[in-house]
Amino acid sequence: MQFFRRLGPIRAISFDLDDTLYDNRPVIARAEQWMVQHMRDRYPETALFDHDAWQRLKWRLQQQDPALRHDVSLCRRQMLRQALSSGGMDAARAEQEAGRVFDRFLEVRSQVTVPALTRQVLTTLAARYPLVVITNGNVLVERLGLDHHFQHILKAGGGFRMKPEPDLFHAMARRLGLPPAQILHVGDDATTDVAGAVHNGYRSAWLNDVGQSWRALRILPDVMLSRLDQLLLL
């Protein structure tokens, strides 16, 4: 643990989810592969789509509608609908099938293994602090078995822009009824979590469990953690 600023009183703790409370990288890779294979096997309209083709479609849709960059769920549904339509499926059925596939993708994407250490930390902290979630992702928190720890869960999309934009941070402070300076945000990403928290008045705890050099950061957190359970000592 390394401090960069003096912490004032903390009355609530907000958490990022992906790659903070669990390793999300293999989960997303598995879900993406499932989608590619499912769309090849189930729908002739997308039989020729490989991973790169889906990425190119995503980029094109986000260029046409920049709001999709802030809503991963809506963006994926649009990708599925557009791919099926461009392959010849009528618009009404493409919309219906895109919804079905997205729901199944979300289930696969939410098959996350949460470490026992994470559960222990959250259980201990929840006995003393209001805990909340601020995330850019779309994981189904109830599938993780963690939702009972959190008083509020806010996700990007539905009118909220992604971190580091102020939308989620400001909305959560209002829900908690606290000044941002009394909320500690815990996350792994130097831009979305550290810079987002600092710029929006939160205290910032950077979970640096992969040994990155803090000297490369453009904005320093209040404290750097090498393990999530250091929050208990803090």
# chains A, B, ... in the order shown; residues from 1 in each chain; ligands from 1
$ select_by_dssp --residues "region 93-183 of chain A" --states "alpha helix (DSSP H)" --output "ChimeraX atom specification"
/A:93-109,116-126,141-144,166-176
$ residues_around --residues "region 101-115 of chain A" --least-positions-apart "4" --cutoff "8 Å" --atoms "only C-alpha atoms" --output "PyMOL selection string"
chain A and resi 21-22+24+27-28+30-31+34-35+76-77+80+97+119+138-141+143-144
$ closest_atom_pairs --of "region 9-82 of chain A" --to "region 145-155 of chain A" --cutoff "12 Å" --atoms "only C-alpha atoms" --output "tab-separated table"
residue	atom	partner	partner_atom	distance
A:Ala12	CA	A:Gln151	CA	10.2
A:Ile13	CA	A:Phe150	CA	9.7
A:Ser14	CA	A:Phe150	CA	9.0
A:Phe15	CA	A:Ile153	CA	9.4
A:Asp16	CA	A:Lys155	CA	9.9
A:Leu17	CA	A:Lys155	CA	10.2
A:Asp18	CA	A:Lys155	CA	11.9
A:Leu21	CA	A:Leu146	CA	10.0
A:Tyr22	CA	A:Leu146	CA	11.4
A:His70	CA	A:Lys155	CA	9.9
A:Asp71	CA	A:Lys155	CA	8.8
A:Val72	CA	A:Lys155	CA	9.9
A:Ser73	CA	A:Lys155	CA	10.3
$ select_by_dssp --residues "region 15-161 of chain A" --states "strand (DSSP E)" --output "PyMOL selection string"
chain A and resi 15+131-135+152-155
$ atom_distance --atom1 "CA of Pro179 (chain A)" --atom2 "CA of Tyr202 (chain A)"
8.4 Å
$ residues_around --residues "Asp52 (chain A)" --least-positions-apart "4" --cutoff "12 Å" --atoms "only C-alpha atoms" --output "PyMOL selection string"
chain A and resi 32-33+36+48+56-59
$ closest_residue --among "A:Met162, A:Val198, A:Ala53, A:Ala205" --to "Ser226 (chain A)" --atoms "only C-alpha atoms"
A:Ala205
$ atom_distance --atom1 "CA of Asp90 (chain A)" --atom2 "CA of Gln37 (chain A)"
21.8 Å
$ atom_distance --atom1 "CA of Phe169 (chain A)" --atom2 "CA of Leu234 (chain A)"
22.0 Å
$ closest_residue --among "A:Ala116, A:Ala171, A:Ile183, A:Met1" --to "Trp206 (chain A)" --atoms "only C-alpha atoms"
A:Met1
$ closest_residue --among "A:Ala156, A:Val132, A:Met89, A:Ala181" --to "Leu7 (chain A)" --atoms "only C-alpha atoms"
A:Ala181
$ closest_residue --among "A:Pro66, A:Gly99, A:Pro130, A:Pro180" --to "Gln78 (chain A)" --atoms "only C-alpha atoms"
A:Gly99
$ closest_residue --among "A:Leu61, A:Ala190, A:Ala197, A:Ala98" --to "Ser213 (chain A)" --atoms "only C-alpha atoms"
A:Ala190
$ closest_residue --among "A:Val186, A:Gly137, A:Leu84, A:Gly196" --to "Arg42 (chain A)" --atoms "only C-alpha atoms"
A:Leu84
$ decode --residues "region 105-118 of chain A" --atoms "all heavy atoms" --output "CSV table (one decimal), in the first residue's frame"
chain,number,residue,atom,x,y,z
A,105,PHE,N,-26.0,-14.1,-24.6
A,105,PHE,CA,-24.6,-13.6,-24.5
A,105,PHE,C,-24.4,-13.1,-23.0
A,105,PHE,O,-23.4,-13.3,-22.4
A,105,PHE,CB,-24.4,-12.5,-25.5
A,105,PHE,CG,-23.1,-11.8,-25.3
A,105,PHE,CD1,-21.9,-12.3,-25.8
A,105,PHE,CD2,-23.0,-10.6,-24.5
A,105,PHE,CE1,-20.7,-11.7,-25.6
A,105,PHE,CE2,-21.8,-10.0,-24.3
A,105,PHE,CZ,-20.6,-10.5,-24.9
A,106,LEU,N,-25.4,-12.3,-22.5
A,106,LEU,CA,-25.3,-11.7,-21.2
A,106,LEU,C,-25.1,-12.8,-20.1
A,106,LEU,O,-24.4,-12.6,-19.2
A,106,LEU,CB,-26.5,-10.8,-20.9
A,106,LEU,CG,-26.2,-9.7,-20.0
A,106,LEU,CD1,-25.0,-8.8,-20.4
A,106,LEU,CD2,-27.5,-8.8,-19.9
A,107,GLU,N,-25.8,-13.9,-20.3
A,107,GLU,CA,-25.7,-15.0,-19.3
A,107,GLU,C,-24.3,-15.6,-19.4
A,107,GLU,O,-23.7,-15.9,-18.4
A,107,GLU,CB,-26.7,-16.1,-19.6
A,107,GLU,CG,-28.2,-15.7,-19.3
A,107,GLU,CD,-28.5,-15.6,-17.9
A,107,GLU,OE1,-27.7,-16.1,-17.1
A,107,GLU,OE2,-29.5,-14.9,-17.5
A,108,VAL,N,-23.8,-15.8,-20.6
A,108,VAL,CA,-22.4,-16.4,-20.7
A,108,VAL,C,-21.4,-15.4,-20.2
A,108,VAL,O,-20.4,-15.7,-19.5
A,108,VAL,CB,-22.1,-16.7,-22.2
A,108,VAL,CG1,-20.7,-17.2,-22.4
A,108,VAL,CG2,-23.1,-17.8,-22.7
A,109,ARG,N,-21.6,-14.1,-20.5
A,109,ARG,CA,-20.7,-13.1,-20.1
A,109,ARG,C,-20.7,-12.9,-18.5
A,109,ARG,O,-19.7,-12.4,-18.0
A,109,ARG,CB,-21.1,-11.7,-20.7
A,109,ARG,CG,-20.3,-10.5,-20.4
A,109,ARG,CD,-20.9,-9.7,-19.3
A,109,ARG,NE,-20.1,-8.5,-19.0
A,109,ARG,CZ,-19.0,-8.5,-18.2
A,109,ARG,NH1,-18.6,-9.7,-17.6
A,109,ARG,NH2,-18.3,-7.5,-17.9
A,110,SER,N,-21.7,-13.4,-17.9
A,110,SER,CA,-21.8,-13.2,-16.4
A,110,SER,C,-21.4,-14.5,-15.7
A,110,SER,O,-21.6,-14.6,-14.5
A,110,SER,CB,-23.3,-12.8,-16.1
A,110,SER,OG,-23.6,-11.6,-16.7
A,111,GLN,N,-20.9,-15.5,-16.4
A,111,GLN,CA,-20.4,-16.7,-15.7
A,111,GLN,C,-19.0,-16.4,-15.2
A,111,GLN,O,-18.0,-16.9,-15.7
A,111,GLN,CB,-20.4,-17.9,-16.7
A,111,GLN,CG,-21.8,-18.3,-17.1
A,111,GLN,CD,-21.8,-19.3,-18.2
A,111,GLN,OE1,-20.8,-19.8,-18.7
A,111,GLN,NE2,-23.0,-19.7,-18.7
A,112,VAL,N,-18.9,-15.7,-14.1
A,112,VAL,CA,-17.7,-15.2,-13.5
A,112,VAL,C,-17.4,-16.0,-12.2
A,112,VAL,O,-18.3,-16.2,-11.4
A,112,VAL,CB,-17.8,-13.7,-13.2
A,112,VAL,CG1,-16.6,-13.2,-12.4
A,112,VAL,CG2,-18.1,-12.9,-14.4
A,113,THR,N,-16.1,-16.3,-12.0
A,113,THR,CA,-15.7,-16.9,-10.8
A,113,THR,C,-15.1,-15.8,-9.9
A,113,THR,O,-14.1,-15.1,-10.2
A,113,THR,CB,-14.6,-17.9,-11.0
A,113,THR,OG1,-15.1,-19.0,-11.9
A,113,THR,CG2,-14.1,-18.5,-9.7
A,114,VAL,N,-15.8,-15.5,-8.8
A,114,VAL,CA,-15.4,-14.5,-7.9
A,114,VAL,C,-14.6,-15.1,-6.8
A,114,VAL,O,-15.0,-16.0,-6.1
A,114,VAL,CB,-16.7,-13.8,-7.2
A,114,VAL,CG1,-16.2,-12.7,-6.3
A,114,VAL,CG2,-17.6,-13.2,-8.3
A,115,PRO,N,-13.3,-14.6,-6.6
A,115,PRO,CA,-12.4,-15.1,-5.6
A,115,PRO,C,-13.0,-15.0,-4.2
A,115,PRO,O,-13.8,-14.1,-3.9
A,115,PRO,CB,-11.2,-14.2,-5.7
A,115,PRO,CG,-11.2,-13.6,-7.1
A,115,PRO,CD,-12.7,-13.5,-7.4
A,116,ALA,N,-12.7,-16.0,-3.4
A,116,ALA,CA,-13.2,-16.0,-2.0
A,116,ALA,C,-12.7,-14.8,-1.2
A,116,ALA,O,-13.4,-14.3,-0.4
A,116,ALA,CB,-12.7,-17.3,-1.3
A,117,LEU,N,-11.5,-14.3,-1.6
A,117,LEU,CA,-10.9,-13.1,-0.9
A,117,LEU,C,-11.8,-11.9,-1.2
A,117,LEU,O,-12.1,-11.1,-0.3
A,117,LEU,CB,-9.5,-12.8,-1.5
A,117,LEU,CG,-8.8,-11.6,-0.9
A,117,LEU,CD1,-8.6,-11.8,0.6
A,117,LEU,CD2,-7.5,-11.3,-1.6
A,118,THR,N,-12.4,-11.8,-2.4
A,118,THR,CA,-13.3,-10.7,-2.7
A,118,THR,C,-14.5,-10.7,-1.9
A,118,THR,O,-15.0,-9.7,-1.3
A,118,THR,CB,-13.6,-10.7,-4.2
A,118,THR,OG1,-12.5,-10.5,-5.0
A,118,THR,CG2,-14.7,-9.7,-4.5
